[in-house]
Structures are given as C-alpha cells and as structure tokens.
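K.L.:
run_9.tsv is reproduced in full below (TSV, C-alpha atoms).
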chain	number	residue	atom	x	y	z
A	1	ALA	CA	127.22	136.39	144.40
A	2	LEU	CA	127.53	136.16	148.13
A	3	PRO	CA	124.76	134.62	150.20
A	4	SER	CA	122.45	136.99	152.03
A	5	LEU	CA	122.67	137.25	155.79
A	6	SER	CA	118.92	137.52	156.32
A	7	PRO	CA	116.04	135.64	154.68
A	8	THR	CA	114.15	137.20	151.80
A	9	VAL	CA	110.38	137.31	151.50
A	10	ALA	CA	110.31	136.51	147.80
A	11	SER	CA	111.45	133.13	146.42
A	12	SER	CA	114.80	133.04	144.68
A	13	ALA	CA	114.95	132.16	140.99
A	14	GLU	CA	117.25	129.17	141.58
A	15	PRO	CA	117.61	126.85	144.55
A	16	SER	CA	120.74	127.14	146.65
A	17	VAL	CA	123.38	124.50	146.21
A	18	ALA	CA	124.90	124.73	149.67
A	19	ALA	CA	123.29	122.98	152.63
A	20	THR	CA	122.10	125.13	155.52
A	21	PRO	CA	123.90	124.50	158.82
A	22	GLU	CA	120.65	123.55	160.59
A	23	PRO	CA	117.36	122.07	159.38
A	24	THR	CA	114.60	124.52	158.52
A	25	THR	CA	111.67	124.84	160.87
A	26	THR	CA	109.03	125.89	158.34
A	27	LEU	CA	106.99	123.51	156.22
A	28	SER	CA	107.27	123.57	152.46
A	29	GLU	CA	104.23	124.64	150.45
A	30	ALA	CA	104.09	121.49	148.31
A	31	PRO	CA	105.16	117.91	148.90
A	32	SER	CA	108.45	116.73	147.47
A	33	VAL	CA	108.30	114.97	144.11
A	34	VAL	CA	111.59	113.18	144.71
A	35	ALA	CA	111.89	110.16	146.99
A	36	SER	CA	113.79	110.90	150.18
A	37	ALA	CA	115.47	107.50	150.38
A	38	ALA	CA	116.25	104.67	148.00
A	39	PRO	CA	114.05	101.56	148.21
A	40	SER	CA	115.38	98.52	150.02
A	41	VAL	CA	117.40	96.14	147.89
A	42	ALA	CA	117.52	93.40	150.51
A	43	VAL	CA	115.30	90.40	149.87
A	44	THR	CA	112.65	89.80	152.50
A	45	PRO	CA	112.47	86.30	153.96
A	46	SER	CA	110.11	84.09	152.01
A	47	PRO	CA	106.88	82.98	153.66
A	48	THR	CA	106.82	79.68	155.47
A	49	VAL	CA	105.37	76.68	153.76
A	50	GLU	CA	104.93	74.82	157.01
A	51	ALA	CA	101.32	74.50	158.11
A	52	THR	CA	100.62	76.62	161.16
A	53	ALA	CA	97.19	75.18	161.90
A	54	GLY	CA	98.67	72.45	164.12
A	55	VAL	CA	97.02	69.56	162.28
A	56	ALA	CA	98.26	66.94	159.85
A	57	ALA	CA	96.83	64.00	157.95
A	58	VAL	CA	97.73	60.50	159.14
A	59	ALA	CA	96.87	57.25	157.43
A	60	CYS	CA	97.13	53.70	158.59
A	61	ALA	CA	99.56	51.65	156.53
A	62	SER	CA	98.87	48.27	158.11
A	63	VAL	CA	96.42	45.62	156.90
A	64	GLN	CA	95.21	45.53	160.52
A	65	CYS	CA	93.81	49.09	160.28
A	66	THR	CA	90.40	48.55	158.76
A	67	GLU	CA	88.27	50.44	161.32
A	68	VAL	CA	90.11	53.80	161.14
A	69	PRO	CA	89.07	56.29	158.43
A	70	ASN	CA	91.87	56.83	155.94
A	71	PRO	CA	93.36	59.50	156.17
A	72	GLN	CA	92.51	61.14	159.45
A	73	ILE	CA	93.20	64.79	160.46
A	74	VAL	CA	94.89	64.93	163.87
A	75	PRO	CA	96.75	67.50	166.01
A	76	THR	CA	100.49	67.62	165.26
A	77	GLY	CA	101.25	67.48	169.00
A	78	GLU	CA	99.87	63.94	169.36
A	79	THR	CA	102.11	60.91	168.92
A	80	TYR	CA	101.70	58.21	166.29
A	81	GLY	CA	103.76	55.56	164.59
A	82	ALA	CA	105.56	56.90	161.54
A	83	ARG	CA	107.14	55.53	158.41
A	84	CYS	CA	109.31	57.43	155.94
A	85	CYS	CA	108.51	56.81	152.29
A	86	SER	CA	110.45	57.45	149.09
A	87	ASP	CA	109.83	57.10	145.36
A	88	ASN	CA	113.50	56.06	145.05
A	89	ALA	CA	115.60	53.39	146.71
A	90	LEU	CA	117.50	54.82	149.71
A	91	PRO	CA	119.95	53.11	152.07
A	92	ASP	CA	118.11	50.86	154.60
A	93	PHE	CA	114.73	51.55	152.96
A	94	VAL	CA	112.70	48.45	152.05
A	95	TYR	CA	110.82	48.06	148.77
A	96	THR	CA	107.14	47.76	149.68
A	97	GLY	CA	105.89	46.45	146.34
A	98	GLY	CA	102.23	46.82	145.53
A	99	SER	CA	100.75	48.92	142.76
A	100	CYS	CA	103.47	51.60	142.86
A	101	ASP	CA	107.23	51.76	143.35
A	102	LEU	CA	107.65	52.78	146.98
A	103	TRP	CA	110.41	52.28	149.53
A	104	SER	CA	109.86	52.79	153.27
A	105	TYR	CA	111.78	52.92	156.53
A	106	ALA	CA	110.36	53.19	160.06
A	107	ARG	CA	113.43	53.87	162.20
A	108	ASP	CA	114.93	57.11	163.49
A	109	ALA	CA	118.60	58.14	163.25
A	110	ASP	CA	119.40	56.07	166.37
A	111	GLY	CA	117.80	52.98	164.83
A	112	ALA	CA	114.76	53.02	167.12
A	113	CYS	CA	111.40	52.13	165.59
A	114	MET	CA	109.25	55.26	165.22
A	115	THR	CA	106.20	53.94	167.07
A	116	ASP	CA	105.48	56.98	169.23
A	117	VAL	CA	106.55	60.26	167.55
A	118	LYS	CA	105.04	63.67	166.94
A	119	TYR	CA	104.50	64.98	163.40
A	120	HIS	CA	107.38	67.50	163.33
A	121	ASP	CA	109.86	64.94	164.72
A	122	ALA	CA	108.82	62.34	162.13
A	123	LYS	CA	108.94	64.93	159.34
A	124	SER	CA	112.41	66.05	160.37
A	125	THR	CA	113.68	62.46	160.56
A	126	CYS	CA	112.27	61.58	157.15
A	127	GLU	CA	113.65	64.76	155.55
A	128	SER	CA	117.10	63.88	156.89
A	129	TYR	CA	117.04	60.66	154.84
A	130	GLY	CA	116.46	62.57	151.62
What is this structure when it is put down as structure tokens?
P.N.:
Amino acid sequence: ALPSLSPTVASSAEPSVAATPEPTTTLSEAPSVVASAAPSVAVTPSPTVEATAGVAAVACASVQCTEVPNPQIVPTGETYGARCCSDNALPDFVYTGGSCDLWSYARDADGACMTDVKYHDAKSTCESYG
C-alpha cells in the first residue's frame, strides 16, 4: 500500500516503518516505554580519598617533644618538620628500633632535611619513596 498524502484522524492499525522527513510537532498521548538512548558505559572518575578539610594530624617524634599533645590537628598549609616512615627497609631509610619494626628517612629528593615543609609536599615526597 502506498502512503497517504494527508494525515488521517483515526490511528492506523500498525506503526509506519519509514521515518518522516521532519519531526512531528504534536505531543504523543502517552509517554514512551522504550528508552530514547542507551545508558553510558564509560566509568565515572572515582571519588577522591584525599582529605579536603585542610587539616592533618602531626605528631612529635623526638624525645624533646614532651609538652606538645600527641597527635595534634593542624592546617595542611602550615609548615612542619617531616619524616617518611616505612614498615619495610627502603634505600637510605634508617631502622628506628623500638617496639615495632620501622624505618624512617627525613630528606627530600634533593637530599635536604625536611624541617620546614607543608603536608602535601611531605606526603608527595614520602609517596615517591614507596
């Protein structure tokens, strides 16, 4: 059967299989029961695990630090001395002894002692050592 040249008032028994040359301008009577597009298959980036509050815990590791509460919550933008610690022996790390197996190192990649660093810089340096 050939398509009609003018619209009919009554619904047809079967839907047409050919697309119309232009979109229709009238609303359908009922919502579609078929999704109009496939869901995304791309993975969204995972949430950050980095604290966004801008604070971190610091603790004194020297026997000279008896008057400072241990640990202390401080802004991450302030500078402190830092020491990298590891449960395993790493190159240049020194075994600290004591009640647990712990190795530490207090120098940055250039060999400078980390006496005045911000949290994120110290964290990045320590992570680079493994």
K.L.:
Show which residues sit within 12 Å of Val94 (chain A), as a PyMOL selection string. Count all atoms listed in the file, and ignore same-chain residues fewer than 6 positions away.
P.N.:
chain A and resi 83-88+101-107
K.L.:
Quick one: distance from CA of Gly130 (chain A) to CA of Phe93 (chain A) in Å, one decimal?
P.N.:
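Separating CA of Gly130 (chain A) from CA of Phe93 (chain A) is a distance of 11.2 Å.
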K.L.:
Work out how far CA of Val74 (chain A) is from CA of Ala109 (chain A), in Å to one decimal.
P.N.:
24.7 Å
K.L.:
Which residue out of A:Val58, A:Ile73, A:Val117, A:Cys126 has the minimum interatomic distance to Leu90 (chain A) when all atoms listed in the file are used?
P.N.:
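Of A:Val58, A:Ile73, A:Val117, A:Cys126, the one nearest Leu90 (chain A) is A:Cys126, counting all atoms listed in the file.
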K.L.:
Report, in Å to a single decimal, how far apart CA of Thr125 (chain A) and CA of Tyr80 (chain A) are.
P.N.:
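Between these atoms lies a distance of 13.9 Å.
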